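Source file: structure-v6.cif. Holds: mmCIF, C-alpha atoms and all ligand atoms.
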```cif
data_run
loop_
_atom_site.label_atom_id
_atom_site.label_comp_id
_atom_site.auth_asym_id
_atom_site.auth_seq_id
_atom_site.Cartn_x
_atom_site.Cartn_y
_atom_site.Cartn_z
CA MET A 1 114.46 113.88 138.12
CA THR A 2 113.93 111.63 135.15
CA SER A 3 110.66 110.12 134.02
CA ARG A 4 111.56 106.96 132.19
CA ALA A 5 108.24 105.43 131.20
CA ASP A 6 107.36 102.52 133.44
CA VAL A 7 107.23 99.12 131.85
CA SER A 8 103.52 98.54 132.44
CA THR A 9 102.65 101.79 130.61
CA VAL A 10 104.91 100.85 127.72
CA LYS A 11 103.38 97.38 127.56
CA ALA A 12 99.84 98.78 127.61
CA ALA A 13 100.66 101.08 124.69
CA LEU A 14 102.20 98.20 122.75
CA ARG A 15 99.18 96.01 123.42
CA ALA A 16 96.89 98.75 122.12
CA GLN A 17 98.79 99.36 118.89
CA ALA A 18 97.05 98.14 115.74
CA ILE A 19 98.87 97.90 112.41
CA GLU A 20 96.74 97.62 109.30
CA THR A 21 98.02 95.34 106.56
CA PRO A 22 97.35 95.93 102.83
CA SER A 23 95.41 93.29 100.90
CA TRP A 24 97.72 93.77 97.92
CA ALA A 25 100.80 92.73 99.90
CA TYR A 26 99.40 89.18 100.10
CA GLY A 27 99.18 88.79 96.33
CA ASN A 28 101.81 88.48 93.64
CA SER A 29 103.59 91.66 92.69
CA GLY A 30 106.74 92.66 90.91
CA THR A 31 108.51 95.31 88.98
CA ARG A 32 107.86 96.40 85.40
CA PHE A 33 110.56 93.89 84.44
CA LYS A 34 109.07 90.74 85.92
CA VAL A 35 106.52 89.38 88.35
CA PHE A 36 107.96 86.27 90.01
CA ALA A 37 104.72 84.48 90.80
CA GLN A 38 104.67 82.57 94.08
CA ARG A 39 102.67 79.42 94.65
CA GLY A 40 99.84 79.51 97.14
CA VAL A 41 99.08 83.22 96.94
CA PRO A 42 95.44 84.29 97.40
CA ARG A 43 93.12 84.20 94.42
CA THR A 44 90.28 86.14 96.00
CA PRO A 45 89.78 88.92 98.57
CA GLN A 46 88.55 86.22 100.96
CA GLU A 47 91.82 84.30 100.66
CA LYS A 48 93.75 87.51 101.29
CA LEU A 49 91.76 87.85 104.52
CA ASP A 50 92.56 84.23 105.42
CA ASP A 51 96.26 85.10 105.15
CA ALA A 52 95.81 88.36 107.04
CA ALA A 53 94.16 86.38 109.83
CA ARG A 54 97.41 84.37 110.16
CA VAL A 55 99.39 87.59 110.52
CA HIS A 56 97.01 88.78 113.23
CA GLU A 57 97.01 85.43 114.99
CA HIS A 58 100.80 85.37 115.26
CA THR A 59 101.34 89.05 116.10
CA GLY A 60 98.11 90.01 117.89
CA ALA A 61 98.69 93.43 116.36
CA ALA A 62 97.25 93.37 112.84
CA PRO A 63 93.46 93.35 113.19
CA ALA A 64 92.61 95.44 110.10
CA VAL A 65 93.08 94.91 106.39
CA ALA A 66 93.05 97.69 103.81
CA LEU A 67 91.25 97.00 100.53
CA HIS A 68 92.16 98.33 97.10
CA ILE A 69 89.30 98.86 94.66
CA PRO A 70 88.91 97.32 92.09
CA TRP A 71 91.62 94.81 93.01
CA ASP A 72 89.40 93.56 95.82
CA LYS A 73 86.08 93.82 94.08
CA ALA A 74 83.33 92.02 95.99
CA ASP A 75 80.31 92.40 93.78
CA GLY A 76 78.76 89.01 94.45
CA SER A 77 75.31 88.78 96.04
CA GLY A 78 76.37 89.76 99.58
CA GLY A 79 78.92 92.24 98.25
CA TYR A 80 81.13 94.18 100.59
CA ALA A 81 78.95 93.72 103.66
CA GLU A 82 79.47 89.98 103.30
CA LEU A 83 83.21 90.51 102.92
CA ALA A 84 83.16 92.53 106.15
CA THR A 85 81.38 89.66 107.89
CA TYR A 86 83.93 87.23 106.46
CA ALA A 87 86.66 89.39 108.01
CA GLU A 88 84.85 89.59 111.36
CA GLU A 89 84.50 85.82 111.50
CA ARG A 90 88.30 85.67 111.32
CA GLY A 91 88.87 88.25 114.03
CA LEU A 92 89.59 91.02 111.53
CA ARG A 93 87.94 94.18 110.30
CA LEU A 94 88.15 95.90 106.95
CA GLY A 95 90.28 99.01 107.09
CA ALA A 96 90.97 101.83 104.67
CA ILE A 97 89.44 101.71 101.21
CA ASN A 98 92.15 102.57 98.66
CA SER A 99 90.85 104.07 95.45
CA ASN A 100 92.43 103.34 92.10
CA VAL A 101 92.31 106.00 89.44
CA PHE A 102 95.62 105.11 87.87
CA GLN A 103 95.20 101.90 85.91
CA ASP A 104 92.78 102.66 83.09
CA ASP A 105 93.89 103.81 79.64
CA ASP A 106 91.64 106.83 80.13
CA TYR A 107 94.00 108.12 82.81
CA LYS A 108 96.99 108.71 80.55
CA LEU A 109 96.81 112.47 81.17
CA GLY A 110 95.50 112.16 84.71
CA SER A 111 92.30 111.31 86.53
CA VAL A 112 90.64 114.07 88.57
CA CYS A 113 93.12 116.56 87.08
CA HIS A 114 92.65 115.36 83.49
CA PRO A 115 91.97 118.15 80.96
CA ASP A 116 88.86 116.30 79.71
CA ALA A 117 85.80 116.72 81.94
CA ALA A 118 84.46 113.28 80.97
CA VAL A 119 87.56 111.55 82.33
CA ARG A 120 87.40 113.66 85.48
CA ARG A 121 83.76 112.59 85.92
CA LYS A 122 84.70 108.92 85.54
CA ALA A 123 87.44 109.26 88.18
CA LEU A 124 85.13 111.12 90.55
CA ASP A 125 82.45 108.45 90.13
CA HIS A 126 85.00 105.84 91.19
CA LEU A 127 85.93 107.84 94.27
CA LEU A 128 82.27 108.21 95.20
CA GLU A 129 81.76 104.48 94.66
CA CYS A 130 84.59 103.93 97.14
CA VAL A 131 82.60 105.88 99.74
CA ASP A 132 79.58 103.64 99.01
CA ILE A 133 81.88 100.69 99.68
CA MET A 134 82.98 102.25 102.96
CA ASP A 135 79.33 102.46 103.97
CA ALA A 136 79.00 98.73 103.35
CA THR A 137 82.27 97.67 104.98
CA GLY A 138 82.07 100.07 107.91
CA SER A 139 85.48 101.47 106.96
CA ARG A 140 86.39 104.86 108.36
CA ASP A 141 89.07 105.92 105.91
CA LEU A 142 89.16 106.57 102.18
CA LYS A 143 92.75 106.65 100.99
CA LEU A 144 93.31 108.82 97.95
CA TRP A 145 96.45 108.57 95.93
CA PHE A 146 96.59 110.27 92.55
CA SER A 147 99.09 109.32 89.89
CA ASP A 148 98.12 112.59 88.17
CA GLY A 149 100.84 114.85 86.87
CA THR A 150 102.75 115.86 83.79
CA ASN A 151 105.95 114.74 82.12
CA TYR A 152 106.92 117.90 80.25
CA PRO A 153 106.97 121.61 81.03
CA GLY A 154 103.98 123.18 79.30
CA GLN A 155 102.14 119.88 78.94
CA ASP A 156 99.22 121.20 80.99
CA ASP A 157 98.37 124.15 83.18
CA ILE A 158 99.67 123.51 86.71
CA ARG A 159 97.20 125.93 88.30
CA ALA A 160 94.17 124.61 86.38
CA ARG A 161 95.07 121.10 87.47
CA GLN A 162 95.04 122.24 91.10
CA ASP A 163 91.56 123.73 90.54
CA ARG A 164 90.32 120.44 89.08
CA LEU A 165 91.84 118.52 91.98
CA ALA A 166 90.20 120.84 94.51
CA GLN A 167 86.81 120.40 92.82
CA ALA A 168 86.98 116.61 92.94
CA LEU A 169 88.22 116.53 96.51
CA SER A 170 85.43 118.82 97.58
CA ALA A 171 82.78 116.61 95.91
CA VAL A 172 84.16 113.55 97.69
CA TYR A 173 84.41 115.41 100.98
CA GLU A 174 80.74 116.38 100.76
CA ARG A 175 79.81 112.73 100.28
CA LEU A 176 81.64 111.54 103.44
CA GLY A 177 79.54 110.44 106.39
CA ASP A 178 80.01 111.91 109.86
CA HIS A 179 82.49 109.27 110.94
CA GLN A 180 84.32 108.91 107.67
CA ARG A 181 87.56 110.59 106.68
CA MET A 182 89.59 111.08 103.54
CA LEU A 183 93.32 110.50 103.74
CA LEU A 184 95.20 112.35 101.04
CA GLU A 185 98.50 110.78 100.07
CA TYR A 186 101.33 112.64 98.34
CA LYS A 187 104.18 111.36 96.21
CA LEU A 188 107.21 113.20 94.94
CA PHE A 189 107.38 111.60 91.51
CA GLU A 190 106.33 108.56 89.50
CA PRO A 191 104.50 107.87 87.32
CA ALA A 192 104.71 111.54 86.37
CA PHE A 193 108.26 112.83 86.12
CA TYR A 194 107.92 116.61 85.76
CA THR A 195 105.05 117.53 88.09
CA MET A 196 102.91 115.40 90.30
CA ASP A 197 99.65 117.13 91.22
CA VAL A 198 100.05 116.12 94.88
CA PRO A 199 103.84 115.92 95.18
CA ASP A 200 104.37 116.75 98.83
CA TRP A 201 102.85 117.11 102.29
CA GLY A 202 102.43 120.85 101.83
CA THR A 203 100.15 120.43 98.83
CA ALA A 204 98.17 117.70 100.58
CA TYR A 205 97.93 119.81 103.73
CA ALA A 206 96.77 122.91 101.83
CA HIS A 207 93.93 120.96 100.21
CA CYS A 208 92.99 119.27 103.49
CA LEU A 209 92.94 122.58 105.32
CA LYS A 210 90.42 124.03 102.86
CA LEU A 211 88.24 120.93 102.95
CA GLY A 212 87.80 120.52 106.70
CA GLU A 213 88.81 118.28 109.56
CA LYS A 214 87.72 115.04 107.95
CA ALA A 215 90.48 115.55 105.38
CA GLN A 216 93.82 114.35 106.69
CA VAL A 217 97.27 113.81 105.24
CA VAL A 218 98.75 110.34 104.95
CA VAL A 219 102.51 109.92 104.98
CA ASP A 220 103.83 107.13 102.79
CA THR A 221 107.42 106.75 103.97
CA GLY A 222 108.58 105.81 100.46
CA HIS A 223 107.29 108.96 98.78
CA HIS A 224 109.99 111.50 99.61
CA ALA A 225 113.25 112.72 98.16
CA PRO A 226 116.35 111.06 99.62
CA GLY A 227 117.37 112.74 102.86
CA THR A 228 113.96 114.22 103.60
CA ASN A 229 113.38 114.62 107.32
CA ILE A 230 110.13 112.66 107.50
CA GLU A 231 109.86 112.89 111.28
CA PHE A 232 109.69 116.68 110.99
CA ILE A 233 106.73 116.36 108.64
CA VAL A 234 105.11 113.95 111.09
CA ALA A 235 105.68 116.30 114.03
CA LEU A 236 104.23 119.22 112.13
CA LEU A 237 101.16 117.42 110.82
CA LEU A 238 100.40 116.00 114.25
CA ARG A 239 100.77 119.42 115.80
CA GLU A 240 98.26 120.78 113.28
CA GLY A 241 95.86 117.88 113.87
CA ARG A 242 96.20 116.69 110.26
CA LEU A 243 98.16 113.46 110.43
CA GLY A 244 95.65 110.87 109.28
CA GLY A 245 97.99 107.95 109.03
CA PHE A 246 100.99 106.22 107.56
CA ASP A 247 101.74 103.96 104.67
CA PHE A 248 104.84 102.31 106.10
CA ASN A 249 107.44 100.73 103.87
CA SER A 250 111.17 101.03 103.23
CA ARG A 251 113.01 102.74 100.43
CA PHE A 252 116.63 102.71 99.42
CA TYR A 253 116.20 104.68 96.20
CA ALA A 254 112.61 105.71 95.48
CA ASP A 255 109.21 104.06 95.96
CA ASP A 256 110.78 100.69 96.70
CA ASP A 257 107.93 99.29 98.86
CA LEU A 258 110.26 97.05 100.86
CA MET A 259 109.46 95.92 104.39
CA ALA A 260 108.96 98.72 106.93
CA GLY A 261 112.02 99.13 109.11
CA ALA A 262 114.25 97.12 106.78
CA ALA A 263 116.17 99.92 105.09
CA ASP A 264 116.38 102.40 107.94
CA PRO A 265 115.13 101.23 111.34
CA PHE A 266 116.58 104.39 112.89
CA GLN A 267 114.34 106.55 110.70
CA LEU A 268 111.32 104.48 111.70
CA PHE A 269 112.28 104.99 115.36
CA ARG A 270 112.61 108.75 114.83
CA ILE A 271 109.18 108.83 113.19
CA MET A 272 107.61 106.80 115.99
CA TYR A 273 109.28 109.02 118.57
CA GLU A 274 107.53 112.05 117.06
CA VAL A 275 104.27 110.10 117.05
CA VAL A 276 104.64 109.30 120.74
CA ARG A 277 105.83 112.83 121.55
CA GLY A 278 102.85 114.33 119.70
CA GLY A 279 100.27 112.06 121.35
CA GLY A 280 99.63 110.29 118.05
CA LEU A 281 99.62 106.74 119.33
CA THR A 282 95.84 106.66 119.11
CA SER A 283 93.28 105.27 116.70
CA GLU A 284 93.10 108.73 115.09
CA VAL A 285 96.34 107.90 113.31
CA ALA A 286 96.06 104.89 111.00
CA PHE A 287 99.25 102.81 111.11
CA MET A 288 99.14 101.06 107.76
CA LEU A 289 101.66 99.11 105.74
CA ASP A 290 101.91 99.72 101.99
CA GLN A 291 104.39 97.19 100.70
CA CYS A 292 104.97 94.68 97.95
CA HIS A 293 106.85 91.45 98.56
CA ASN A 294 108.25 90.69 95.15
CA ILE A 295 110.82 88.00 95.92
CA GLU A 296 110.28 87.05 99.56
CA ALA A 297 107.50 84.94 101.05
CA LYS A 298 104.61 87.29 101.69
CA ILE A 299 103.04 86.28 105.00
CA PRO A 300 106.28 86.04 107.01
CA ALA A 301 107.43 89.31 105.42
CA ILE A 302 104.27 91.02 106.60
CA ILE A 303 104.70 89.50 110.08
CA ARG A 304 108.28 90.79 110.11
CA SER A 305 107.10 94.26 109.06
CA VAL A 306 104.52 94.39 111.85
CA MET A 307 107.25 93.38 114.30
CA ASN A 308 109.57 96.08 112.96
CA VAL A 309 106.92 98.75 113.54
CA GLN A 310 106.34 97.36 117.04
CA GLU A 311 110.06 97.46 117.82
CA ALA A 312 110.38 101.07 116.66
CA THR A 313 107.33 101.95 118.75
CA ALA A 314 108.68 100.20 121.84
CA LYS A 315 111.98 102.08 121.55
CA ALA A 316 110.14 105.37 121.09
CA LEU A 317 108.06 104.66 124.20
CA LEU A 318 111.25 104.01 126.18
CA VAL A 319 112.70 107.47 125.58
CA ASP A 320 113.29 109.05 128.97
CA ALA A 321 111.15 112.15 128.52
CA GLY A 322 112.28 113.79 131.75
CA ALA A 323 115.98 113.34 131.05
CA LEU A 324 115.47 114.57 127.52
CA ALA A 325 113.60 117.69 128.63
CA GLU A 326 116.31 118.44 131.19
CA ALA A 327 119.10 118.09 128.65
CA GLN A 328 117.24 120.17 126.11
CA ALA A 329 116.47 122.95 128.60
CA SER A 330 120.08 123.16 129.67
CA GLY A 331 121.31 123.17 126.10
CA ASP A 332 123.24 119.95 126.62
CA VAL A 333 123.22 118.81 123.02
CA LEU A 334 125.19 115.63 123.56
CA ALA A 335 123.21 114.54 126.61
CA ALA A 336 119.91 115.11 124.75
CA ASN A 337 121.11 113.09 121.80
CA ALA A 338 122.37 110.38 124.15
CA VAL A 339 118.91 110.02 125.72
CA LEU A 340 117.40 109.34 122.32
CA MET A 341 120.19 106.97 121.30
CA ASP A 342 119.93 105.05 124.58
CA ALA A 343 116.31 104.28 123.79
CA TYR A 344 117.10 103.43 120.17
CA ASN A 345 119.91 101.10 121.20
CA THR A 346 117.78 99.20 123.70
CA ASP A 347 117.06 95.63 122.67
CA VAL A 348 113.26 95.64 122.95
CA ARG A 349 112.79 92.14 121.58
CA PRO A 350 112.54 90.56 125.09
CA LEU A 351 109.93 93.17 126.07
CA LEU A 352 107.83 92.46 122.99
CA ALA A 353 108.21 88.72 123.55
CA GLU A 354 106.81 89.25 127.04
CA VAL A 355 103.89 91.31 125.70
CA ARG A 356 103.07 88.47 123.31
CA GLU A 357 103.37 85.77 125.97
CA GLU A 358 101.11 87.77 128.29
CA ARG A 359 98.39 87.73 125.63
CA GLY A 360 98.92 84.02 124.94
CA ILE A 361 100.85 84.38 121.69
CA ASP A 362 104.08 82.66 120.76
CA PRO A 363 106.94 85.09 121.55
CA ASP A 364 108.48 84.39 118.12
CA PRO A 365 105.74 85.08 115.53
CA VAL A 366 107.81 84.17 112.45
CA ALA A 367 108.87 80.81 113.89
CA ALA A 368 105.30 80.12 115.01
CA TYR A 369 104.05 80.86 111.50
CA HIS A 370 106.61 78.51 109.94
CA ARG A 371 105.62 75.76 112.38
CA SER A 372 101.91 76.27 111.71
CA GLY A 373 101.94 74.49 108.33
CA TRP A 374 99.91 77.31 106.69
CA ALA A 375 102.51 77.92 103.97
CA ARG A 376 102.29 74.28 102.86
CA LYS A 377 98.51 74.22 103.08
CA ILE A 378 98.01 77.20 100.78
CA VAL A 379 100.45 75.85 98.20
CA ASP A 380 98.51 72.56 98.19
CA GLU A 381 95.05 74.13 98.14
CA ARG A 382 95.41 77.26 96.01
CA VAL A 383 96.22 76.78 92.41
CA GLY A 384 96.70 79.84 90.21
CA GLY A 385 97.40 82.97 92.26
CA ALA A 386 96.11 86.46 91.55
CA GLN A 387 98.30 89.46 90.91
CA ALA A 388 98.31 92.09 93.63
CA GLY A 389 96.96 94.47 91.04
CA TRP A 390 99.90 95.87 89.14
CA GLY A 391 99.55 94.71 85.58
CA ALA A 392 96.49 92.62 86.44
C1 LIG B 401 101.46 104.68 95.26
O1 LIG B 401 102.81 104.51 95.07
C2 LIG B 401 100.94 103.93 96.46
O2 LIG B 401 101.81 104.11 97.53
C3 LIG B 401 99.56 104.36 96.84
O3 LIG B 401 99.34 104.27 98.23
C4 LIG B 401 98.73 103.34 96.20
O4 LIG B 401 97.47 103.24 96.67
C5 LIG B 401 99.58 102.13 96.49
O5 LIG B 401 100.88 102.57 96.18
C6 LIG B 401 99.18 100.96 95.66
O6 LIG B 401 100.06 99.92 95.85
MN MN B 402 101.06 104.37 99.64
MN MN B 403 103.96 104.07 96.95
#
```
Give the structure from this file in structure tokens form.
Ligand code: PSV
Ligand code: MN
Ligand code: MN
Amino acid sequence: MTSRADVSTVKAALRAQAIETPSWAYGNSGTRFKVFAQRGVPRTPQEKLDDAARVHEHTGAAPAVALHIPWDKADGSGGYAELATYAEERGLRLGAINSNVFQDDDYKLGSVCHPDAAVRRKALDHLLECVDIMDATGSRDLKLWFSDGTNYPGQDDIRARQDRLAQALSAVYERLGDHQRMLLEYKLFEPAFYTMDVPDWGTAYAHCLKLGEKAQVVVDTGHHAPGTNIEFIVALLLREGRLGGFDFNSRFYADDDLMAGAADPFQLFRIMYEVVRGGGLTSEVAFMLDQCHNIEAKIPAIIRSVMNVQEATAKALLVDAGALAEAQASGDVLAANAVLMDAYNTDVRPLLAEVREERGIDPDPVAAYHRSGWARKIVDERVGGAQAGWGA
């Protein structure tokens, strides 16, 4: 007896999936060598939301936009509440608030792990301000990524830095409202090259465990050593109830921030299979993109990324769970692997086209975007684009 998921269940799950896009992906970005500025990019947080609304219109699957503070500062009269209303009027909501304690000169030796208490205080104040912003925007998630670390053995005390980190996290945790969460992101290396203070999922998990259930780990797919089995991490965190979300992107070498599913669609499928298997296809797991489009057009690249996540999800949903369980129980290694590969090798594009048509969307979102004339309109109307944040 097999139990291949029926098409209507798969379609319902695909219709329910929401992928959050990052405000910074709409702006200009680049490497430390050069930012190739594109014409027509947003100059304000509002214009980023205008572009995000196009992505949602053409995919039906990108209703939330993550902000990065202070790149998306909204300190005008209506402030962040007004920005939230602006989003709502465009069929969007504001998603995770990303803190930024990595761009000031003060943070040369770290932020919340800095040896100087005054710098730690400044960083903590920013994190607390981010929770104030969440109150105004109605955002559920505070995303914490720390560039903190050291470059040389002996530069600072590894254990003391963990103590400082724990103190700051605990102060932020205490400030969270009942329905707010903190998502702690880890990164193997860069900008620090000897130790990062949150280098891996284990460190993030250990801190989250001590803090409580509102502290969850976020998996940025670009933040691992080559060859790391990310789906194992995902399976484990989900099993422990600590997978808060994803920052999806692709990497060939390190933190490349290319489009999700571009470098290794098979890995994305394996990750999404573990999500489905672990019951993680719910709003408790935030499916976010964290990408930079340095040389390609931004809006169609974000549409493509959303579609890539959808395709990996569709394939994961098509895995014949019954056949897989049977093969696994009987120790039939090849048959078990074949069940997974059958799902991965299914062309799900017609299925996703149907899902789009059923909700009144063009089955080909990229083509529909190109036909819409939006790309021309923003080049004509927007003069002088803003940087995504890096180097701004
Ligand atoms: C760090 O590399 C990171 O992935 C963090 O999520 C930051 O918030 C983001 O990049 C900024 O682009
Ligand atoms: Mn990230
Ligand atoms: Mn990153």
All residues having an atom within 7 Å of ligand MN 403 (chain B) (all atoms listed in the file) as a ChimeraX atom specification: /A:220,222-223,255,257,290
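Closest approach to A:Asp247 among A:Thr221, A:Thr346, A:Ser8, A:Thr195 is made by A:Thr221 (distances from only C-alpha atoms).
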What does the distance from atom CA of A:Val348 to atom CA of A:Arg93 come to in Å, to one decimal?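 Distance reported for this atom pair: 28.3 Å.
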Would you kindly return, as a PyMOL selection string, each protein, DNA or RNA residue with an atom no farther than 9 Å from any atom of A:Asp256, considering all atoms listed in the file and excluding same-chain residues fewer than 3 positions away? chain A and resi 222+249-253+291-292
Between atom CA of A:Trp201 and atom CA of A:Ser23, what is the distance in Å, rounded to a tenth?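 Computing it gives 25.0 Å between the two atoms.
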Give me, as number ranges by chain, the set of residues whose atoms come within 12 Å of any atom of ligand MN 402 (chain B), counting only C-alpha atoms and all ligand atoms. A: 21-22, 24-25, 66, 68, 96, 98-100, 143-147, 183-188, 217-224, 245-250, 255-258, 287-292
If I put a ball of radius 12 Å at (108.8, 112.3, 86.7) in the file's coordinates, which residues poke into it when counting all atoms listed in the file, written as a VMD selection string? chain A and resid 147 to 153 187 to 197 199 254
Nearest to ligand LIG 401 (chain B), restricted to only C-alpha atoms and all ligand atoms and choosing among A:Arg242, A:Lys377, A:Lys34, A:His293, comes out as A:His293
